[in-house]
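Here's the structure, in structure tokens; my notes come after.
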Amino acid sequence: MDIADFGLMITSLRAVAELTKLVVDAHDASIRREKSIELQGQVVAVLQSALAAQTAQVTQLQRVRELEEKLAQFEAWNADKEKYELKNVRPDRAPGGKTFAYVLKEHADSTEPVHSICPDCYQTHQKTILQGVMLKQGRVDVLECNRCGLTINLTGVSYEDRPNPRPQRPR
Ligand SMILES: [Zn+2]
């Protein structure tokens with residue numbers, strides 16, 4: 001409920017109080033009836049305002065909860081990411097130069113076994129442990145991210161799944 005809505009509710013409540021007094025004080029039955037009808041209208045207006053205020057409060061509480069959850073996730077990620085460092089994960093003699101992933105620091109105060117996490121998911125504040133797999137083609141060791149699909153070739157040259165099609169003979 002914003003300040004304007006709150007102001008309207010206060011105005012309606014004042015009108016209810018004034019009309020109630022008029023109804024009580026009126027000696028003429030027709031005036032009493034007329035003011036009673038006005039009073040009912042104002043009571044309905046106040047009830048509508050109160051209902052709108054309650055709905056707005058529920059929405060705001062929901063938003064606060066969502067933000068608290070996001071903050072908790074962000075704080076957990078901030079603490080977690082400090083345990084990792086960007087390191088070359090490709091063995092020295094493997095072809096293709098260096099390739100990087102975030103590796104658990106040696107003194108990270110963690111009970112987890114040494115592992116590396118996806119550098120792409122790291123940028124989006126997600127910790128995804130890379131899994132070692134050997135490709136059939138060329139028997140190449142790779143690290144795979146099961147979240148974003150990143151594949152880090154560790155030990156060899158990877159080929160397409162299918163070899164190049166044979167050139168068609170002219171007929
Ligand atoms: Zn990933």
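Ordering of the structure tokens sets the chain letters (A, B, ...); residue numbers start at 1 within each chain; ligands are numbered from 1 in the order shown.
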
Report the closest atom pair, with its distance in Å rounded to one decimal, for each residue of chain A that has an atom no farther than 10 Å from ligand 1; count only C-alpha atoms and all ligand atoms, sort by chain and then rising residue number, and write it as a Markdown table.
```
| residue | atom | partner | partner_atom_place_in_ligand_line | distance |
| --- | --- | --- | --- | --- |
| A:Ile117 | CA | ligand 1 | 1 (Zn) | 7.8 |
| A:Cys118 | CA | ligand 1 | 1 (Zn) | 4.6 |
| A:Pro119 | CA | ligand 1 | 1 (Zn) | 6.6 |
| A:Asp120 | CA | ligand 1 | 1 (Zn) | 5.0 |
| A:Cys121 | CA | ligand 1 | 1 (Zn) | 4.1 |
| A:Tyr122 | CA | ligand 1 | 1 (Zn) | 7.4 |
| A:Gln123 | CA | ligand 1 | 1 (Zn) | 9.1 |
| A:Thr124 | CA | ligand 1 | 1 (Zn) | 9.0 |
| A:Gln126 | CA | ligand 1 | 1 (Zn) | 8.1 |
| A:Lys127 | CA | ligand 1 | 1 (Zn) | 8.1 |
| A:Thr128 | CA | ligand 1 | 1 (Zn) | 6.1 |
| A:Ile129 | CA | ligand 1 | 1 (Zn) | 8.3 |
| A:Leu130 | CA | ligand 1 | 1 (Zn) | 7.9 |
| A:Glu144 | CA | ligand 1 | 1 (Zn) | 8.0 |
| A:Cys145 | CA | ligand 1 | 1 (Zn) | 4.7 |
| A:Asn146 | CA | ligand 1 | 1 (Zn) | 6.7 |
| A:Arg147 | CA | ligand 1 | 1 (Zn) | 5.1 |
| A:Cys148 | CA | ligand 1 | 1 (Zn) | 4.0 |
| A:Gly149 | CA | ligand 1 | 1 (Zn) | 6.1 |
| A:Leu150 | CA | ligand 1 | 1 (Zn) | 5.6 |
| A:Thr151 | CA | ligand 1 | 1 (Zn) | 8.7 |
```

Original post:
When DSSP works through the backbone of this structure, what residues of stretch 7-104 of chain A end up as alpha helix (DSSP H), shown as a ChimeraX atom specification?
Top reply: /A:7-25,29-81

**OP:** Check the DSSP output for the backbone and give back, as an MDAnalysis selection string, the residues of stretch 72-137 of chain A in strand (DSSP E).
**Re:** chainID A and resid 84:88 100:104 116:117 131:134

Non-local contacts of stretch 75-86 of chain A (10 Å; only C-alpha atoms; under 4 positions in same chain excluded) as a compact mmCIF listing (two decimals) with N, CA and C atoms, in the first residue's frame:
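Full text of part_5.txt as output:
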```txt
# COMPACT_ATOMS: atom_id res chain seq x y z
N GLU A 69 16.15 -15.35 -0.16
CA GLU A 69 16.67 -16.60 -0.72
C GLU A 69 17.82 -16.32 -1.68
N LYS A 70 17.63 -15.30 -2.55
CA LYS A 70 18.68 -14.95 -3.50
C LYS A 70 19.95 -14.51 -2.78
N LEU A 71 19.77 -13.73 -1.73
CA LEU A 71 20.91 -13.25 -0.96
C LEU A 71 21.66 -14.42 -0.32
N THR A 99 44.44 -25.22 -21.16
CA THR A 99 42.99 -25.08 -21.09
C THR A 99 42.62 -24.98 -19.60
N PHE A 100 41.68 -24.12 -19.29
CA PHE A 100 41.48 -23.76 -17.89
C PHE A 100 40.13 -24.19 -17.31
N ALA A 101 40.19 -24.51 -16.02
CA ALA A 101 38.97 -24.77 -15.24
C ALA A 101 39.27 -24.30 -13.82
N TYR A 102 38.25 -24.19 -13.02
CA TYR A 102 38.46 -23.81 -11.62
C TYR A 102 38.68 -25.08 -10.80
N VAL A 103 39.85 -25.15 -10.16
CA VAL A 103 40.26 -26.35 -9.43
C VAL A 103 40.21 -26.03 -7.93
N LEU A 104 39.77 -27.03 -7.14
CA LEU A 104 39.72 -26.87 -5.68
C LEU A 104 41.13 -26.56 -5.17
N LYS A 105 41.26 -25.50 -4.41
CA LYS A 105 42.58 -25.12 -3.87
C LYS A 105 43.08 -26.19 -2.90
N GLU A 106 44.38 -26.29 -2.81
CA GLU A 106 44.99 -27.31 -1.96
C GLU A 106 44.59 -27.11 -0.49
N HIS A 107 44.59 -25.87 -0.05
CA HIS A 107 44.26 -25.59 1.35
C HIS A 107 42.89 -24.92 1.45
N ALA A 108 41.93 -25.52 0.80
CA ALA A 108 40.61 -24.89 0.75
C ALA A 108 39.74 -25.22 1.96
N ASP A 109 40.28 -26.00 2.88
CA ASP A 109 39.51 -26.38 4.07
C ASP A 109 38.20 -27.06 3.65
N SER A 110 38.35 -28.03 2.75
CA SER A 110 37.19 -28.75 2.25
C SER A 110 37.38 -30.24 2.47
N HIS A 115 38.80 -31.78 -7.16
CA HIS A 115 37.98 -31.80 -8.38
C HIS A 115 38.05 -30.43 -9.02
N SER A 116 37.52 -30.34 -10.22
CA SER A 116 37.46 -29.03 -10.87
C SER A 116 36.01 -28.73 -11.24
N ILE A 117 35.73 -27.43 -11.34
CA ILE A 117 34.36 -27.03 -11.70
C ILE A 117 34.40 -26.24 -13.01
N PRO A 119 34.30 -23.66 -15.85
CA PRO A 119 34.59 -22.22 -15.89
C PRO A 119 33.43 -21.39 -16.45
N TYR A 122 30.80 -21.20 -13.67
CA TYR A 122 31.37 -20.34 -12.62
C TYR A 122 30.98 -18.88 -12.88
N HIS A 125 27.70 -18.00 -11.58
CA HIS A 125 27.57 -18.26 -10.13
C HIS A 125 26.99 -19.65 -9.83
N GLN A 126 27.34 -20.62 -10.68
CA GLN A 126 26.87 -21.98 -10.44
C GLN A 126 28.07 -22.91 -10.35
N LYS A 127 28.01 -23.79 -9.37
CA LYS A 127 29.11 -24.74 -9.18
C LYS A 127 28.70 -26.07 -9.82
```

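In this structure, atom CA of A:Ile37 sits 18.6 Å away from atom CA of A:Met9.
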
Original post:
Excluding same-chain residues fewer than 5 positions from A:Thr155, what lies within 7 Å of it counting only C-alpha atoms, as a list in words?
Top reply: Arg90, Ala94, Pro95, Val140 and Asp141 of chain A

Using N, CA and C atoms, can you write the selected residues to a file as a short mmCIF file (atom, residue, chain, number, x, y, z; two decimals), in the first residue's frame?
```cif
data_model
loop_
_atom_site.label_atom_id
_atom_site.label_comp_id
_atom_site.auth_asym_id
_atom_site.auth_seq_id
_atom_site.Cartn_x
_atom_site.Cartn_y
_atom_site.Cartn_z
N ARG A 90 45.08 -29.15 -18.56
CA ARG A 90 45.59 -30.05 -19.60
C ARG A 90 47.03 -30.44 -19.25
N ALA A 94 50.33 -32.79 -23.56
CA ALA A 94 49.16 -32.98 -24.45
C ALA A 94 49.12 -31.89 -25.50
N PRO A 95 48.62 -32.23 -26.71
CA PRO A 95 48.57 -31.20 -27.76
C PRO A 95 47.49 -30.15 -27.45
N VAL A 140 40.18 -40.12 -26.37
CA VAL A 140 40.59 -38.85 -25.80
C VAL A 140 39.94 -38.66 -24.43
N ASP A 141 40.74 -38.27 -23.46
CA ASP A 141 40.18 -37.95 -22.13
C ASP A 141 39.62 -36.52 -22.17
#
```
